[in-house]
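Trainee: Dropping in entry-v6.pdb, with PDB, C-alpha atoms.
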ATOM      1  CA  MET A  13     195.296 -30.651 122.997
ATOM      2  CA  ARG A  14     195.703 -33.581 125.332
ATOM      3  CA  ARG A  15     191.932 -33.733 125.798
ATOM      4  CA  ILE A  16     191.334 -33.926 122.082
ATOM      5  CA  SER A  17     194.009 -36.574 121.608
ATOM      6  CA  LEU A  18     192.703 -38.591 124.534
ATOM      7  CA  ALA A  19     189.125 -38.328 123.261
ATOM      8  CA  LEU A  20     190.134 -39.493 119.765
ATOM      9  CA  THR A  21     192.092 -42.405 121.164
ATOM     10  CA  THR A  22     189.216 -43.406 123.417
ATOM     11  CA  ALA A  23     186.707 -43.170 120.566
ATOM     12  CA  ALA A  24     188.936 -45.290 118.343
ATOM     13  CA  LEU A  25     189.347 -47.948 120.990
ATOM     14  CA  ILE A  26     185.644 -48.105 121.773
ATOM     15  CA  GLY A  27     184.644 -47.899 118.115
ATOM     16  CA  SER A  28     182.094 -45.247 118.853
ATOM     17  CA  THR A  29     180.537 -43.281 116.012
ATOM     18  CA  ALA A  30     179.277 -40.561 118.324
ATOM     19  CA  ALA A  31     180.427 -37.007 117.754
ATOM     20  CA  ILE A  32     183.353 -35.877 119.843
ATOM     21  CA  ALA A  33     183.002 -32.610 121.705
ATOM     22  CA  VAL A  34     185.755 -30.083 121.078
ATOM     23  CA  PRO A  35     186.927 -27.998 124.025
ATOM     24  CA  ALA A  36     185.555 -24.428 124.080
ATOM     25  CA  GLN A  37     188.981 -22.879 123.415
ATOM     26  CA  ALA A  38     189.483 -24.723 120.145
ATOM     27  CA  ALA A  39     185.881 -24.230 118.975
ATOM     28  CA  THR A  40     185.976 -20.437 118.964
ATOM     29  CA  ALA A  41     187.239 -19.039 115.682
ATOM     30  CA  PRO A  42     186.838 -15.532 114.338
ATOM     31  CA  ALA A  43     183.761 -15.083 112.183
ATOM     32  CA  PRO A  44     184.435 -14.354 108.500
ATOM     33  CA  ARG A  45     184.142 -10.701 107.506
ATOM     34  CA  ALA A  46     181.203  -9.645 105.399
ATOM     35  CA  VAL A  47     182.025  -8.193 102.016
ATOM     36  CA  THR A  48     180.744  -4.647 101.937
ATOM     37  CA  ALA A  49     181.871  -3.541  98.495
ATOM     38  CA  ALA A  50     179.040  -3.682  95.979
ATOM     39  CA  ALA A  51     179.726  -5.745  92.884
ATOM     40  CA  LYS A  52     179.885  -3.706  89.701
ATOM     41  CA  GLU A  53     177.021  -4.420  87.324
ATOM     42  CA  CYS A  54     178.220  -6.012  84.106
ATOM     43  CA  HIS A  55     176.714  -5.281  80.695
ATOM     44  CA  ALA A  56     177.356  -7.255  77.539
ATOM     45  CA  ASP A  57     177.978  -4.062  75.571
ATOM     46  CA  ASN A  58     181.072  -3.040  77.548
ATOM     47  CA  ALA A  59     183.925  -3.470  75.085
ATOM     48  CA  ALA A  60     186.983  -1.398  74.240
ATOM     49  CA  ILE A  61     189.572  -0.855  71.565
ATOM     50  CA  TYR A  62     192.721  -2.940  72.043
ATOM     51  CA  THR A  63     195.272  -1.041  69.923
ATOM     52  CA  ASP A  64     196.222   2.570  69.200
ATOM     53  CA  GLY A  65     195.414   3.880  65.724
ATOM     54  CA  THR A  66     192.644   1.357  64.997
ATOM     55  CA  ARG A  67     190.734   2.452  61.902
ATOM     56  CA  LEU A  68     186.957   2.895  62.117
ATOM     57  CA  ARG A  69     185.712   2.085  58.621
ATOM     58  CA  ALA A  70     182.515   2.759  56.660
ATOM     59  CA  LYS A  71     182.201  -0.907  55.543
ATOM     60  CA  ALA A  72     183.490  -4.283  56.727
ATOM     61  CA  SER A  73     186.521  -4.222  54.452
ATOM     62  CA  SER A  74     190.148  -3.170  54.756
ATOM     63  CA  LYS A  75     189.685  -1.279  51.476
ATOM     64  CA  SER A  76     186.724   0.758  52.786
ATOM     65  CA  ALA A  77     186.894   4.474  53.582
ATOM     66  CA  VAL A  78     188.279   5.377  57.020
ATOM     67  CA  LYS A  79     185.971   7.506  59.230
ATOM     68  CA  GLY A  80     188.640   8.074  61.862
ATOM     69  CA  GLN A  81     190.989   6.425  64.299
ATOM     70  CA  LEU A  82     190.330   4.858  67.674
ATOM     71  CA  TYR A  83     192.777   4.363  70.523
ATOM     72  CA  PHE A  84     193.422   1.938  73.386
ATOM     73  CA  LYS A  85     190.507   1.821  75.861
ATOM     74  CA  ASP A  86     188.118   3.890  73.721
ATOM     75  CA  PRO A  87     184.763   2.481  74.962
ATOM     76  CA  ILE A  88     182.535   0.903  72.331
ATOM     77  CA  ARG A  89     179.317  -1.087  72.033
ATOM     78  CA  ILE A  90     179.366  -4.009  69.598
ATOM     79  CA  LEU A  91     176.149  -3.886  67.561
ATOM     80  CA  LYS A  92     176.702  -6.793  65.152
ATOM     81  CA  LYS A  93     179.372  -9.017  63.648
ATOM     82  CA  SER A  94     180.248 -10.004  60.108
ATOM     83  CA  GLY A  95     183.119 -12.443  59.674
ATOM     84  CA  SER A  96     186.224 -10.898  61.241
ATOM     85  CA  TRP A  97     184.608  -7.439  61.499
ATOM     86  CA  ASP A  98     182.433  -5.866  64.208
ATOM     87  CA  TYR A  99     179.973  -3.021  63.696
ATOM     88  CA  VAL A 100     180.462  -0.732  66.700
ATOM     89  CA  GLN A 101     179.161   2.484  68.232
ATOM     90  CA  LEU A 102     181.296   4.799  70.358
ATOM     91  CA  LYS A 103     180.036   5.102  73.933
ATOM     92  CA  ALA A 104     182.003   8.326  74.489
ATOM     93  CA  LYS A 105     184.066  10.765  72.457
ATOM     94  CA  SER A 106     187.129   8.898  71.214
ATOM     95  CA  ARG A 107     190.676   9.986  71.930
ATOM     96  CA  GLY A 108     190.999  10.379  68.150
ATOM     97  CA  GLY A 109     188.282  13.059  68.175
ATOM     98  CA  LEU A 110     185.299  11.078  66.884
ATOM     99  CA  ALA A 111     181.962  12.039  68.452
ATOM    100  CA  LYS A 112     180.044   9.849  70.894
ATOM    101  CA  GLY A 113     177.559   7.668  68.988
ATOM    102  CA  THR A 114     179.674   7.422  65.822
ATOM    103  CA  ARG A 115     179.206   4.035  64.159
ATOM    104  CA  GLY A 116     181.476   2.023  61.923
ATOM    105  CA  TRP A 117     183.321  -1.227  61.328
ATOM    106  CA  VAL A 118     186.410  -2.374  63.223
ATOM    107  CA  ALA A 119     188.499  -5.502  62.688
ATOM    108  CA  HIS A 120     187.643  -7.922  65.502
ATOM    109  CA  LYS A 121     191.321  -8.460  66.400
ATOM    110  CA  ASN A 122     191.454  -4.817  67.599
ATOM    111  CA  ILE A 123     188.676  -5.175  70.188
ATOM    112  CA  ILE A 124     188.860  -6.196  73.828
ATOM    113  CA  PRO A 125     185.804  -8.446  74.354
ATOM    114  CA  PRO A 126     182.937  -7.259  76.590
ATOM    115  CA  PHE A 127     183.872  -7.071  80.270
ATOM    116  CA  CYS A 128     183.089  -5.152  83.448
ATOM    117  CA  GLY A 129     185.321  -2.254  84.274
ATOM    118  CA  PHE A 130     184.317   0.881  82.420
TER     119      PHE A 130
END
Spit out the file's structure as structure tokens when you get a sec.
Mentor:
Amino acid sequence: MRRISLALTTAALIGSTAAIAVPAQAATAPAPRAVTAAAKECHADNAAIYTDGTRLRAKASSKSAVKGQLYFKDPIRILKKSGSWDYVQLKAKSRGGLAKGTRGWVAHKNIIPPFCGF
């Protein structure tokens, strides 16, 4: 430490702009670790249901016939949007018993937006 302090003081007094050598002890630092975990691929169609008992409807209307119910984390693919409604397709059998591939309308407020994780 004294060497570094002395070198800085000397450089300041001389007004030198040359680089100051750091002693070998201070210069050695552990190398950063490489990240080995592979990043999960993200797809825009990864969405999920946000609430339990969400109604899957035949049309984009709260007065439309109900095809069935969806539950929290049921995986869906958003196919299109219309106002505050999303036309979705189930990516797997729902916890409410609806078959994989079933399509219908869900109020947008009941959907977790697309993200990586499923």
Trainee: How would you write, as a list in words, the residues chosen by the PyMOL selection byres ((chain A and resi 94) around 10) on this structure?
Mentor: Ala72, Lys92, Lys93, Gly95, Ser96, Trp97, Asp98, Tyr99, Trp117, Ala119 and His120 of chain A
Trainee: Kindly give the distance, in Å, that separates atom CA of Ala104 of chain A and atom CA of Ser76 of chain A, rounded to a single decimal.
Mentor: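 Between these atoms lies a distance of 23.5 Å.
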Trainee: One decimal, Å: what's the distance from atom CA of Ser73 of chain A over to atom CA of Lys105 of chain A, could you say?
Mentor: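 Between atom CA of Ser73 of chain A and atom CA of Lys105 of chain A the gap works out to 23.6 Å.
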Trainee: Which residue, A:Pro87, A:Gly109, A:Gly116, A:Gly80, has the smallest gap to Ala59 of chain A when you use only C-alpha atoms?
Mentor: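 For Ala59 of chain A, the nearest of the given residues is A:Pro87.
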Trainee: Quick one: distance from atom CA of Pro126 of chain A to atom CA of Lys79 of chain A in Å, one decimal?
Mentor: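 A separation of 23.0 Å between them.
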Trainee: Using the chain letters and numbers from this file, what does the PyMOL selection byres ((chain A and resi 113) around 12) select? Give the answer as an mmCIF file with C-alpha atoms, keeping the file's coordinate frame.
Mentor:
data_model
loop_
_atom_site.group_PDB
_atom_site.id
_atom_site.type_symbol
_atom_site.label_atom_id
_atom_site.label_comp_id
_atom_site.auth_asym_id
_atom_site.auth_seq_id
_atom_site.Cartn_x
_atom_site.Cartn_y
_atom_site.Cartn_z
ATOM 1 C CA PRO A 87 184.763 2.481 74.962
ATOM 2 C CA ILE A 88 182.535 0.903 72.331
ATOM 3 C CA ARG A 89 179.317 -1.087 72.033
ATOM 4 C CA ILE A 90 179.366 -4.009 69.598
ATOM 5 C CA LEU A 91 176.149 -3.886 67.561
ATOM 6 C CA VAL A 100 180.462 -0.732 66.700
ATOM 7 C CA GLN A 101 179.161 2.484 68.232
ATOM 8 C CA LEU A 102 181.296 4.799 70.358
ATOM 9 C CA LYS A 103 180.036 5.102 73.933
ATOM 10 C CA ALA A 104 182.003 8.326 74.489
ATOM 11 C CA LYS A 105 184.066 10.765 72.457
ATOM 12 C CA SER A 106 187.129 8.898 71.214
ATOM 13 C CA LEU A 110 185.299 11.078 66.884
ATOM 14 C CA ALA A 111 181.962 12.039 68.452
ATOM 15 C CA LYS A 112 180.044 9.849 70.894
ATOM 16 C CA THR A 114 179.674 7.422 65.822
ATOM 17 C CA ARG A 115 179.206 4.035 64.159
ATOM 18 C CA GLY A 116 181.476 2.023 61.923
#
Trainee: From the set A:Lys85, A:Arg107, A:Arg67, A:Lys75, which residue has the shortest atom-to-atom contact distance to Pro125 of chain A, counting all atoms listed in the file?
Mentor: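 Of A:Lys85, A:Arg107, A:Arg67, A:Lys75, the one nearest Pro125 of chain A is A:Lys85, counting all atoms listed in the file.
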Trainee: Quick one: residues within 7 Å of Asn122 of chain A, all atoms listed in the file counted, chain neighbours fewer than 2 positions away excluded, as a list in words?
Mentor: Ile61, Tyr62, Thr63, Thr66, Ala119, His120 and Ile124 of chain A
Trainee: Quick one: write out the picked residues with C-alpha atoms as a PDB file, keeping the file's coordinate frame?
Mentor:
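Okay, this is what ended up in result.pdb:
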ATOM      1  CA  ILE A  61     189.572  -0.855  71.565  1.00  0.00           C
ATOM      2  CA  TYR A  62     192.721  -2.940  72.043  1.00  0.00           C
ATOM      3  CA  THR A  63     195.272  -1.041  69.923  1.00  0.00           C
ATOM      4  CA  THR A  66     192.644   1.357  64.997  1.00  0.00           C
ATOM      5  CA  ALA A 119     188.499  -5.502  62.688  1.00  0.00           C
ATOM      6  CA  HIS A 120     187.643  -7.922  65.502  1.00  0.00           C
ATOM      7  CA  ILE A 124     188.860  -6.196  73.828  1.00  0.00           C
TER       8      ILE A 124
END
